[in-house]
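**Student:** protein-v4.cif is reproduced in full below (mmCIF, C-alpha atoms and all ligand atoms).
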data_start
#
loop_
_atom_site.group_PDB
_atom_site.id
_atom_site.type_symbol
_atom_site.label_atom_id
_atom_site.label_comp_id
_atom_site.auth_asym_id
_atom_site.auth_seq_id
_atom_site.Cartn_x
_atom_site.Cartn_y
_atom_site.Cartn_z
ATOM 1 C CA MET A 19 -15.803 17.106 6.877
ATOM 2 C CA ARG A 20 -12.640 15.068 6.775
ATOM 3 C CA PHE A 21 -12.218 11.298 6.387
ATOM 4 C CA ASP A 22 -9.013 9.520 7.367
ATOM 5 C CA ILE A 23 -8.722 5.951 6.156
ATOM 6 C CA ILE A 24 -6.177 3.616 7.755
ATOM 7 C CA THR A 25 -5.260 0.587 5.652
ATOM 8 C CA ILE A 26 -2.378 -1.668 4.659
ATOM 9 C CA PHE A 27 -3.507 -1.276 1.018
ATOM 10 C CA PRO A 28 -3.697 2.482 0.372
ATOM 11 C CA GLN A 29 -3.350 1.934 -3.394
ATOM 12 C CA ILE A 30 -6.834 0.390 -3.495
ATOM 13 C CA PHE A 31 -8.292 3.834 -2.889
ATOM 14 C CA LYS A 32 -6.387 5.571 -5.703
ATOM 15 C CA GLU A 33 -9.286 5.896 -8.136
ATOM 16 C CA VAL A 34 -12.543 5.151 -6.343
ATOM 17 C CA PHE A 35 -13.087 8.706 -5.171
ATOM 18 C CA ASP A 36 -12.101 10.275 -8.498
ATOM 19 C CA PHE A 37 -15.541 10.074 -10.064
ATOM 20 C CA GLY A 38 -19.021 11.509 -9.789
ATOM 21 C CA ILE A 39 -20.498 13.023 -6.679
ATOM 22 C CA VAL A 40 -17.550 12.213 -4.400
ATOM 23 C CA ARG A 41 -15.053 13.807 -6.753
ATOM 24 C CA ARG A 42 -17.181 16.931 -7.048
ATOM 25 C CA ALA A 43 -17.513 17.152 -3.269
ATOM 26 C CA VAL A 44 -13.729 16.891 -2.878
ATOM 27 C CA GLU A 45 -13.158 19.545 -5.545
ATOM 28 C CA ALA A 46 -15.659 21.832 -3.838
ATOM 29 C CA ASN A 47 -13.793 21.361 -0.531
ATOM 30 C CA LEU A 48 -16.901 19.945 1.083
ATOM 31 C CA VAL A 49 -14.999 16.831 2.027
ATOM 32 C CA ARG A 50 -11.349 15.819 2.365
ATOM 33 C CA ILE A 51 -10.236 12.202 2.128
ATOM 34 C CA HIS A 52 -6.825 11.213 3.486
ATOM 35 C CA VAL A 53 -5.608 7.662 3.020
ATOM 36 C CA HIS A 54 -2.867 6.452 5.372
ATOM 37 C CA ASP A 55 -0.596 3.433 5.044
ATOM 38 C CA LEU A 56 -0.672 1.611 8.377
ATOM 39 C CA ARG A 57 2.915 0.480 7.783
ATOM 40 C CA ASP A 58 4.060 4.088 8.114
ATOM 41 C CA TYR A 59 3.207 3.741 11.806
ATOM 42 C CA THR A 60 5.440 0.732 12.449
ATOM 43 C CA TYR A 61 8.992 1.168 13.747
ATOM 44 C CA ASP A 62 10.522 -2.249 13.107
ATOM 45 C CA ARG A 63 12.662 -3.262 10.163
ATOM 46 C CA HIS A 64 9.919 -5.433 8.690
ATOM 47 C CA ARG A 65 7.142 -2.874 9.131
ATOM 48 C CA GLN A 66 5.100 -5.627 10.726
ATOM 49 C CA VAL A 67 1.395 -4.932 11.263
ATOM 50 C CA ASP A 68 0.251 -8.442 12.240
ATOM 51 C CA ASP A 69 1.224 -11.213 14.622
ATOM 52 C CA ARG A 70 0.163 -14.714 15.667
ATOM 53 C CA PRO A 71 -2.966 -15.025 17.792
ATOM 54 C CA PHE A 72 -2.543 -15.754 21.504
ATOM 55 C CA GLY A 73 -4.223 -19.079 22.208
ATOM 56 C CA GLY A 74 -3.317 -20.381 18.778
ATOM 57 C CA GLY A 75 -5.398 -20.916 15.684
ATOM 58 C CA ALA A 76 -5.088 -20.166 12.026
ATOM 59 C CA GLY A 77 -4.123 -16.838 10.552
ATOM 60 C CA MET A 78 -2.805 -13.579 11.918
ATOM 61 C CA VAL A 79 -4.184 -10.717 13.985
ATOM 62 C CA MET A 80 -3.522 -7.002 13.500
ATOM 63 C CA LYS A 81 -1.181 -5.746 16.213
ATOM 64 C CA PRO A 82 -2.434 -2.925 18.427
ATOM 65 C CA GLU A 83 0.632 -0.621 18.405
ATOM 66 C CA PRO A 84 0.574 0.582 14.766
ATOM 67 C CA LEU A 85 -3.186 1.184 14.884
ATOM 68 C CA PHE A 86 -2.984 3.169 18.143
ATOM 69 C CA ARG A 87 -0.046 5.193 16.808
ATOM 70 C CA ALA A 88 -1.806 5.885 13.525
ATOM 71 C CA VAL A 89 -5.046 7.052 15.112
ATOM 72 C CA GLU A 90 -3.208 9.146 17.705
ATOM 73 C CA ALA A 91 -1.052 10.816 15.055
ATOM 74 C CA ILE A 92 -4.013 11.473 12.768
ATOM 75 C CA THR A 93 -6.327 12.851 15.464
ATOM 76 C CA ASN A 94 -3.769 14.614 17.630
ATOM 77 C CA ASP A 95 -4.990 18.025 16.453
ATOM 78 C CA THR A 96 -8.625 17.368 17.312
ATOM 79 C CA ALA A 97 -10.660 16.301 20.307
ATOM 80 C CA ASP A 98 -13.746 15.108 18.488
ATOM 81 C CA ALA A 99 -12.986 12.549 15.838
ATOM 82 C CA LYS A 100 -15.172 9.483 15.494
ATOM 83 C CA VAL A 101 -12.991 6.375 15.145
ATOM 84 C CA VAL A 102 -14.826 3.689 13.208
ATOM 85 C CA LEU A 103 -13.844 0.071 12.647
ATOM 86 C CA LEU A 104 -15.425 -1.677 9.670
ATOM 87 C CA SER A 105 -16.171 -5.219 10.713
ATOM 88 C CA PRO A 106 -18.828 -7.907 10.348
ATOM 89 C CA GLN A 107 -19.242 -7.725 14.131
ATOM 90 C CA GLY A 108 -20.333 -4.070 13.926
ATOM 91 C CA ARG A 109 -23.776 -2.532 14.211
ATOM 92 C CA PRO A 110 -25.479 -2.398 10.824
ATOM 93 C CA PHE A 111 -24.497 0.659 8.781
ATOM 94 C CA ALA A 112 -27.686 2.193 7.372
ATOM 95 C CA GLN A 113 -28.877 5.464 5.857
ATOM 96 C CA GLU A 114 -29.438 6.727 9.382
ATOM 97 C CA THR A 115 -25.795 6.002 10.279
ATOM 98 C CA ALA A 116 -24.706 7.874 7.155
ATOM 99 C CA ARG A 117 -26.805 10.854 8.270
ATOM 100 C CA GLU A 118 -25.235 10.705 11.706
ATOM 101 C CA TYR A 119 -21.682 10.702 10.250
ATOM 102 C CA ALA A 120 -22.474 13.478 7.770
ATOM 103 C CA ALA A 121 -22.948 15.837 10.722
ATOM 104 C CA LEU A 122 -19.416 15.173 12.067
ATOM 105 C CA ASP A 123 -16.166 17.052 11.406
ATOM 106 C CA ARG A 124 -13.805 14.107 11.468
ATOM 107 C CA VAL A 125 -14.321 10.401 10.796
ATOM 108 C CA VAL A 126 -11.431 7.932 10.971
ATOM 109 C CA LEU A 127 -12.063 4.619 9.220
ATOM 110 C CA ILE A 128 -9.948 1.621 10.219
ATOM 111 C CA CYS A 129 -9.832 -1.198 7.674
ATOM 112 C CA GLY A 130 -9.130 -4.612 9.184
ATOM 113 C CA ARG A 131 -7.351 -7.424 7.345
ATOM 114 C CA TYR A 132 -6.223 -10.969 8.200
ATOM 115 C CA GLU A 133 -8.408 -12.653 10.861
ATOM 116 C CA GLY A 134 -9.229 -9.371 12.542
ATOM 117 C CA VAL A 135 -7.798 -6.774 14.929
ATOM 118 C CA ASP A 136 -6.542 -7.115 18.507
ATOM 119 C CA GLU A 137 -9.545 -6.684 20.816
ATOM 120 C CA ARG A 138 -7.851 -3.799 22.678
ATOM 121 C CA VAL A 139 -8.208 -1.761 19.502
ATOM 122 C CA VAL A 140 -11.927 -2.480 19.492
ATOM 123 C CA GLU A 141 -12.328 -1.669 23.185
ATOM 124 C CA ASP A 142 -10.004 1.284 23.746
ATOM 125 C CA LEU A 143 -9.339 2.955 20.409
ATOM 126 C CA VAL A 144 -12.483 2.557 18.379
ATOM 127 C CA ASN A 145 -15.718 4.304 19.309
ATOM 128 C CA ASP A 146 -17.960 2.811 16.661
ATOM 129 C CA GLU A 147 -17.870 -0.594 14.986
ATOM 130 C CA VAL A 148 -20.038 -0.910 11.873
ATOM 131 C CA SER A 149 -20.894 -3.595 9.337
ATOM 132 C CA ILE A 150 -22.178 -2.935 5.818
ATOM 133 C CA GLY A 151 -23.870 -6.333 5.649
ATOM 134 C CA ASP A 152 -23.881 -9.910 6.852
ATOM 135 C CA TYR A 153 -21.068 -11.400 4.826
ATOM 136 C CA VAL A 154 -17.355 -11.857 5.356
ATOM 137 C CA LEU A 155 -14.999 -9.931 3.077
ATOM 138 C CA SER A 156 -11.238 -10.075 2.908
ATOM 139 C CA GLY A 157 -10.875 -6.664 4.512
ATOM 140 C CA GLY A 158 -12.558 -3.436 5.548
ATOM 141 C CA GLU A 159 -11.416 -1.410 2.526
ATOM 142 C CA ILE A 160 -14.506 -1.879 0.366
ATOM 143 C CA PRO A 161 -16.818 -1.182 3.333
ATOM 144 C CA ALA A 162 -14.815 2.019 3.998
ATOM 145 C CA MET A 163 -15.462 3.098 0.403
ATOM 146 C CA VAL A 164 -19.146 2.401 0.910
ATOM 147 C CA VAL A 165 -19.243 4.572 4.029
ATOM 148 C CA VAL A 166 -17.388 7.485 2.373
ATOM 149 C CA ASP A 167 -19.722 7.356 -0.610
ATOM 150 C CA ALA A 168 -22.955 7.130 1.392
ATOM 151 C CA VAL A 169 -21.915 9.907 3.794
ATOM 152 C CA THR A 170 -20.499 12.299 1.190
ATOM 153 C CA ARG A 171 -23.781 12.434 -0.762
ATOM 154 C CA LEU A 172 -25.459 13.740 2.381
ATOM 155 C CA ILE A 173 -23.108 16.667 2.958
ATOM 156 C CA PRO A 174 -25.008 19.849 2.082
ATOM 157 C CA GLY A 175 -23.985 21.008 -1.398
ATOM 158 C CA ALA A 176 -22.637 17.629 -2.532
ATOM 159 C CA LEU A 177 -25.639 16.825 -4.713
ATOM 160 C CA GLY A 178 -26.501 18.870 -7.765
ATOM 161 C CA CYS A 179 -29.695 20.906 -7.643
ATOM 162 C CA GLU A 180 -31.761 18.479 -9.680
ATOM 163 C CA GLN A 181 -30.568 15.492 -7.638
ATOM 164 C CA SER A 182 -32.405 16.897 -4.676
ATOM 165 C CA ALA A 183 -31.853 15.859 -1.112
ATOM 166 C CA GLU A 184 -35.606 16.355 -0.910
ATOM 167 C CA ARG A 185 -36.132 13.034 -2.660
ATOM 168 C CA GLU A 186 -34.032 11.528 0.080
ATOM 169 C CA SER A 187 -36.227 12.778 2.903
ATOM 170 C CA PHE A 188 -39.507 12.432 1.050
ATOM 171 C CA VAL A 189 -39.098 8.838 -0.061
ATOM 172 C CA GLY A 190 -36.892 8.183 2.963
ATOM 173 C CA GLY A 191 -37.094 4.654 4.282
ATOM 174 C CA LEU A 192 -38.740 3.238 1.172
ATOM 175 C CA LEU A 193 -37.297 1.556 -1.890
ATOM 176 C CA ASP A 194 -37.185 3.694 -4.997
ATOM 177 C CA HIS A 195 -39.993 3.756 -7.539
ATOM 178 C CA PRO A 196 -39.406 2.451 -11.109
ATOM 179 C CA HIS A 197 -37.796 4.753 -13.676
ATOM 180 C CA TYR A 198 -38.358 5.029 -17.435
ATOM 181 C CA THR A 199 -36.707 7.048 -20.180
ATOM 182 C CA ARG A 200 -36.986 7.207 -23.965
ATOM 183 C CA PRO A 201 -38.063 5.423 -26.047
ATOM 184 C CA ALA A 202 -41.616 5.336 -24.686
ATOM 185 C CA GLU A 203 -41.963 1.887 -26.220
ATOM 186 C CA PHE A 204 -38.978 -0.464 -26.403
ATOM 187 C CA ARG A 205 -39.317 -3.906 -28.052
ATOM 188 C CA GLY A 206 -43.015 -3.763 -27.369
ATOM 189 C CA LEU A 207 -42.466 -2.904 -23.692
ATOM 190 C CA LYS A 208 -44.448 0.189 -22.825
ATOM 191 C CA THR A 209 -43.817 3.037 -20.414
ATOM 192 C CA PRO A 210 -46.796 3.417 -18.062
ATOM 193 C CA GLU A 211 -49.193 5.978 -19.555
ATOM 194 C CA VAL A 212 -49.326 8.057 -16.383
ATOM 195 C CA LEU A 213 -45.662 9.107 -16.802
ATOM 196 C CA LEU A 214 -46.301 10.464 -20.288
ATOM 197 C CA ASN A 215 -49.291 12.711 -19.710
ATOM 198 C CA GLY A 216 -47.549 15.525 -17.836
ATOM 199 C CA ASN A 217 -49.890 15.471 -14.841
ATOM 200 C CA HIS A 218 -47.358 15.941 -12.068
ATOM 201 C CA ALA A 219 -49.725 15.353 -9.185
ATOM 202 C CA GLU A 220 -50.757 12.052 -10.771
ATOM 203 C CA ILE A 221 -47.147 11.126 -11.417
ATOM 204 C CA GLU A 222 -46.110 11.789 -7.816
ATOM 205 C CA LYS A 223 -49.008 9.693 -6.579
ATOM 206 C CA TRP A 224 -48.097 6.815 -8.910
ATOM 207 C CA ARG A 225 -44.458 6.920 -7.848
ATOM 208 C CA ARG A 226 -45.285 6.913 -4.160
ATOM 209 C CA ARG A 227 -47.672 4.029 -4.698
ATOM 210 C CA LYS A 228 -45.088 2.009 -6.621
ATOM 211 C CA ALA A 229 -42.439 2.681 -3.968
ATOM 212 C CA ILE A 230 -44.737 1.460 -1.220
ATOM 213 C CA GLU A 231 -45.833 -1.627 -3.196
ATOM 214 C CA LYS A 232 -42.270 -2.626 -4.019
ATOM 215 C CA THR A 233 -41.137 -2.093 -0.442
ATOM 216 C CA LEU A 234 -44.048 -4.068 0.917
ATOM 217 C CA ARG A 235 -43.327 -6.971 -1.387
ATOM 218 C CA ARG A 236 -39.550 -7.031 -1.159
ATOM 219 C CA ARG A 237 -38.578 -5.415 2.147
ATOM 220 C CA PRO A 238 -41.557 -5.388 4.516
ATOM 221 C CA ASP A 239 -39.081 -4.919 7.371
ATOM 222 C CA LEU A 240 -38.420 -1.363 6.134
ATOM 223 C CA ILE A 241 -42.089 -0.456 6.431
ATOM 224 C CA LEU A 242 -42.515 -2.032 9.839
ATOM 225 C CA ASN A 243 -39.543 -0.073 11.202
ATOM 226 C CA ARG A 244 -40.650 3.237 9.819
ATOM 227 C CA GLU A 245 -42.971 6.000 10.899
ATOM 228 C CA LEU A 246 -45.555 6.874 8.290
ATOM 229 C CA SER A 247 -47.442 10.091 7.714
ATOM 230 C CA ASP A 248 -51.262 9.856 7.651
ATOM 231 C CA GLU A 249 -51.175 10.187 3.867
ATOM 232 C CA GLU A 250 -48.635 7.359 3.576
ATOM 233 C CA ARG A 251 -50.657 5.214 5.981
ATOM 234 C CA ARG A 252 -53.693 5.537 3.670
ATOM 235 C CA GLU A 253 -51.519 4.699 0.641
ATOM 236 C CA LEU A 254 -50.086 1.681 2.423
ATOM 237 C CA ASP A 255 -53.491 0.303 3.380
ATOM 238 C CA GLU A 256 -54.655 0.693 -0.201
ATOM 239 C CA ALA A 257 -51.494 -0.927 -1.572
ATOM 240 C CA LYS A 258 -51.925 -3.863 0.800
ATOM 241 C CA ARG A 259 -55.501 -4.386 -0.347
ATOM 242 C CA ASN A 260 -54.377 -4.370 -3.980
ATOM 243 C CA CYS A 261 -51.411 -6.716 -3.750
ATOM 244 C CA SER A 262 -52.559 -9.543 -1.491
HETATM 245 C C1 LIG B 1 -14.412 -14.052 9.782
HETATM 246 C C2 LIG B 1 -15.280 -14.998 10.299
HETATM 247 C C3 LIG B 1 -15.472 -16.330 10.005
HETATM 248 C C4 LIG B 1 -16.479 -17.039 10.695
HETATM 249 C C5 LIG B 1 -17.284 -16.387 11.629
HETATM 250 C C6 LIG B 1 -17.092 -15.023 11.890
HETATM 251 C C7 LIG B 1 -16.082 -14.355 11.227
HETATM 252 N N1 LIG B 1 -15.736 -13.083 11.281
HETATM 253 C C8 LIG B 1 -14.707 -12.908 10.472
HETATM 254 C C9 LIG B 1 -14.082 -11.622 10.313
HETATM 255 O O1 LIG B 1 -14.437 -10.686 10.988
HETATM 256 N N2 LIG B 1 -13.134 -11.527 9.348
HETATM 257 C C10 LIG B 1 -12.613 -10.241 9.014
HETATM 258 C C11 LIG B 1 -12.449 -10.231 7.523
HETATM 259 C C12 LIG B 1 -11.358 -9.876 9.697
HETATM 260 C C13 LIG B 1 -10.960 -8.481 9.264
HETATM 261 C C14 LIG B 1 -11.030 -8.340 7.764
HETATM 262 N N3 LIG B 1 -12.252 -8.864 7.201
HETATM 263 C C15 LIG B 1 -13.356 -8.079 7.050
HETATM 264 C C16 LIG B 1 -14.699 -8.208 6.677
HETATM 265 N N4 LIG B 1 -13.194 -6.846 7.332
HETATM 266 N N5 LIG B 1 -14.316 -6.192 7.206
HETATM 267 C C17 LIG B 1 -15.277 -6.957 6.808
HETATM 268 C C18 LIG B 1 -16.558 -6.324 6.738
HETATM 269 C C19 LIG B 1 -17.714 -6.904 6.280
HETATM 270 C C20 LIG B 1 -18.908 -6.167 6.283
HETATM 271 N N6 LIG B 1 -18.940 -4.924 6.757
HETATM 272 C C21 LIG B 1 -17.817 -4.339 7.210
HETATM 273 C C22 LIG B 1 -16.616 -5.022 7.217
#
Turn the structure described in the file into structure tokens.
**Tutor:**
Amino acid sequence: MRFDIITIFPQIFKEVFDFGIVRRAVEANLVRIHVHDLRDYTYDRHRQVDDRPFGGGAGMVMKPEPLFRAVEAITNDTADAKVVLLSPQGRPFAQETAREYAALDRVVLICGRYEGVDERVVEDLVNDEVSIGDYVLSGGEIPAMVVVDAVTRLIPGALGCEQSAERESFVGGLLDHPHYTRPAEFRGLKTPEVLLNGNHAEIEKWRRRKAIEKTLRRRPDLILNRELSDEERRELDEAKRNCS
């Protein structure tokens, strides 16, 4: 899988992908990440990527020509690249979106700046507009990093054996359970006994229960939007009885 990132600040990306799972995936040739300077696709003396908005108003808008040229140059060797614009107006990016992207060969990420991009880019160049959350940032660069990170972890082989993708599908849609490590008692704060006794069936049950309880309390929307197995349905009913 190959990512192409289009930005006016390519330097921002210099180190973010040089660590951890993403770095390993790049080194293993599971993923390639190309960062492109949008200004390389301008032809004027000032390498101008923005202009004043028609109709007036504050700030500047990203011009269509450099963005069209960049995407056309980058995708000219392939018919099926997904062209994604990161923007607060996009559909919410979620684990499911990451899964969808992980199955693709080519993803082009366009990072907006200023007040936004010319609408013709949105309508005729981009085929997916996504938001990583309901807040305004100063540009799409950090959201692009988020997308690359979330998608790369899902590419087969990107996770080590013990960081299993199984956890992903098993606990999928729920918040994570609590974690403990040594010491078993820290400043009088104890690790739950069940995690220390080596009974793995018990431990799994406790973890699933905790995940459901935490999700129910903090993000009930996740449970309502999710299909549950019969086993999980029983767990959920029991958790509800215990925590209300
Ligand atoms: C600003 C704004 C102010 C009031 C009401 C709506 C508004 N939308 C915007 C806006 O889209 N500003 C963008 C800021 C313009 C392009 C650069 N910026 C930005 C934020 N790019 N990307 C994000 C972002 C946020 C969350 N997920 C993906 C992208």
**Student:** Between A:Glu253, A:Asp69, A:Asp98, A:Glu45, which has the minimum distance to Ala176 (chain A) (counting all atoms listed in the file)?
**Tutor:**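 Ranked by minimum distance to Ala176 (chain A), first place goes to A:Glu45.
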**Student:** Considering all atoms listed in the file, return as a list in words whatever protein or nucleic-acid residues lie within 10 Å of Arg109 (chain A), sequence-local ones (same chain, fewer than 6 positions apart) excluded.
**Tutor:**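 Answer for this query is Thr115, Asp146, Glu147, Val148, Ser149, Ile150 and Gly151 of chain A.
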**Student:** Name the residues captured by the PyMOL selection byres (((not hetatm)) within 9 of (chain B and resi 1)) when it is applied to the shown file; answer as an NGL selection string.
**Tutor:** :A and (79-80 or 103-108 or 110-111 or 129-135 or 147-162)
**Student:** Run the PyMOL selection byres (((chain A and resi 243) around 12) and not hetatm) on the file and write out the hits as a list in words.
**Tutor:**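 In the shown coordinates, the PyMOL selection byres (((chain A and resi 243) around 12) and not hetatm) covers Gly190, Gly191, Leu192, Thr233, Leu234, Arg237, Pro238, Asp239, Leu240, Ile241, Leu242, Arg244, Glu245 and Leu246 of chain A.
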**Student:** Under the rule that all atoms listed in the file are counted, which of A:Leu48, A:Asn145, A:Val140, A:Asn217 is the nearest residue to Gly175 (chain A)?
**Tutor:** A:Leu48
**Student:** In terms of the shortest atom-to-atom distance over only C-alpha atoms, which of A:Lys232, A:Lys223, A:Arg251, A:Arg20 is closest to Val53 (chain A)?
**Tutor:**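 Distance minimum relative to Val53 (chain A) lands on A:Arg20.
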**Student:** Do you know which residues the PyMOL selection byres (((chain A and resi 31) around 10) and not hetatm) returns on this file, as an NGL selection string?
**Tutor:** :A and (23 or 25 or 27-30 or 32-36 or 51-53 or 159-160 or 162-163)
**Student:** Could you please determine the separation between CA of Ile128 (chain A) and CA of Asn94 (chain A) in Å, to one decimal place?
**Tutor:**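 Between these atoms lies a distance of 16.2 Å.
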**Student:** With distances taken over all atoms listed in the file, which residue among A:Ala120, A:Val139, A:Ala43, A:Ala99 lies nearest Pro84 (chain A)?
**Tutor:** A:Val139
**Student:** Between CA of Ile26 (chain A) and CA of Ala88 (chain A), what is the distance in Å, rounded to a tenth?
**Tutor:**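 Atom-to-atom, CA of Ile26 (chain A) to CA of Ala88 (chain A), that is 11.7 Å.
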**Student:** In terms of the shortest atom-to-atom distance over only C-alpha atoms, which of A:Thr209, A:Thr93, A:Ser247, A:Gln113 is closest to Asp167 (chain A)?
**Tutor:** A:Gln113
**Student:** For each of A:Val144, A:Ala46, A:Val165, A:Ala229, take the minimum atom-to-atom distance to Ala257 (chain A), counting only C-alpha atoms, then give the residue where this is smallest.
**Tutor:**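 Smallest distance to Ala257 (chain A) is found for A:Ala229.
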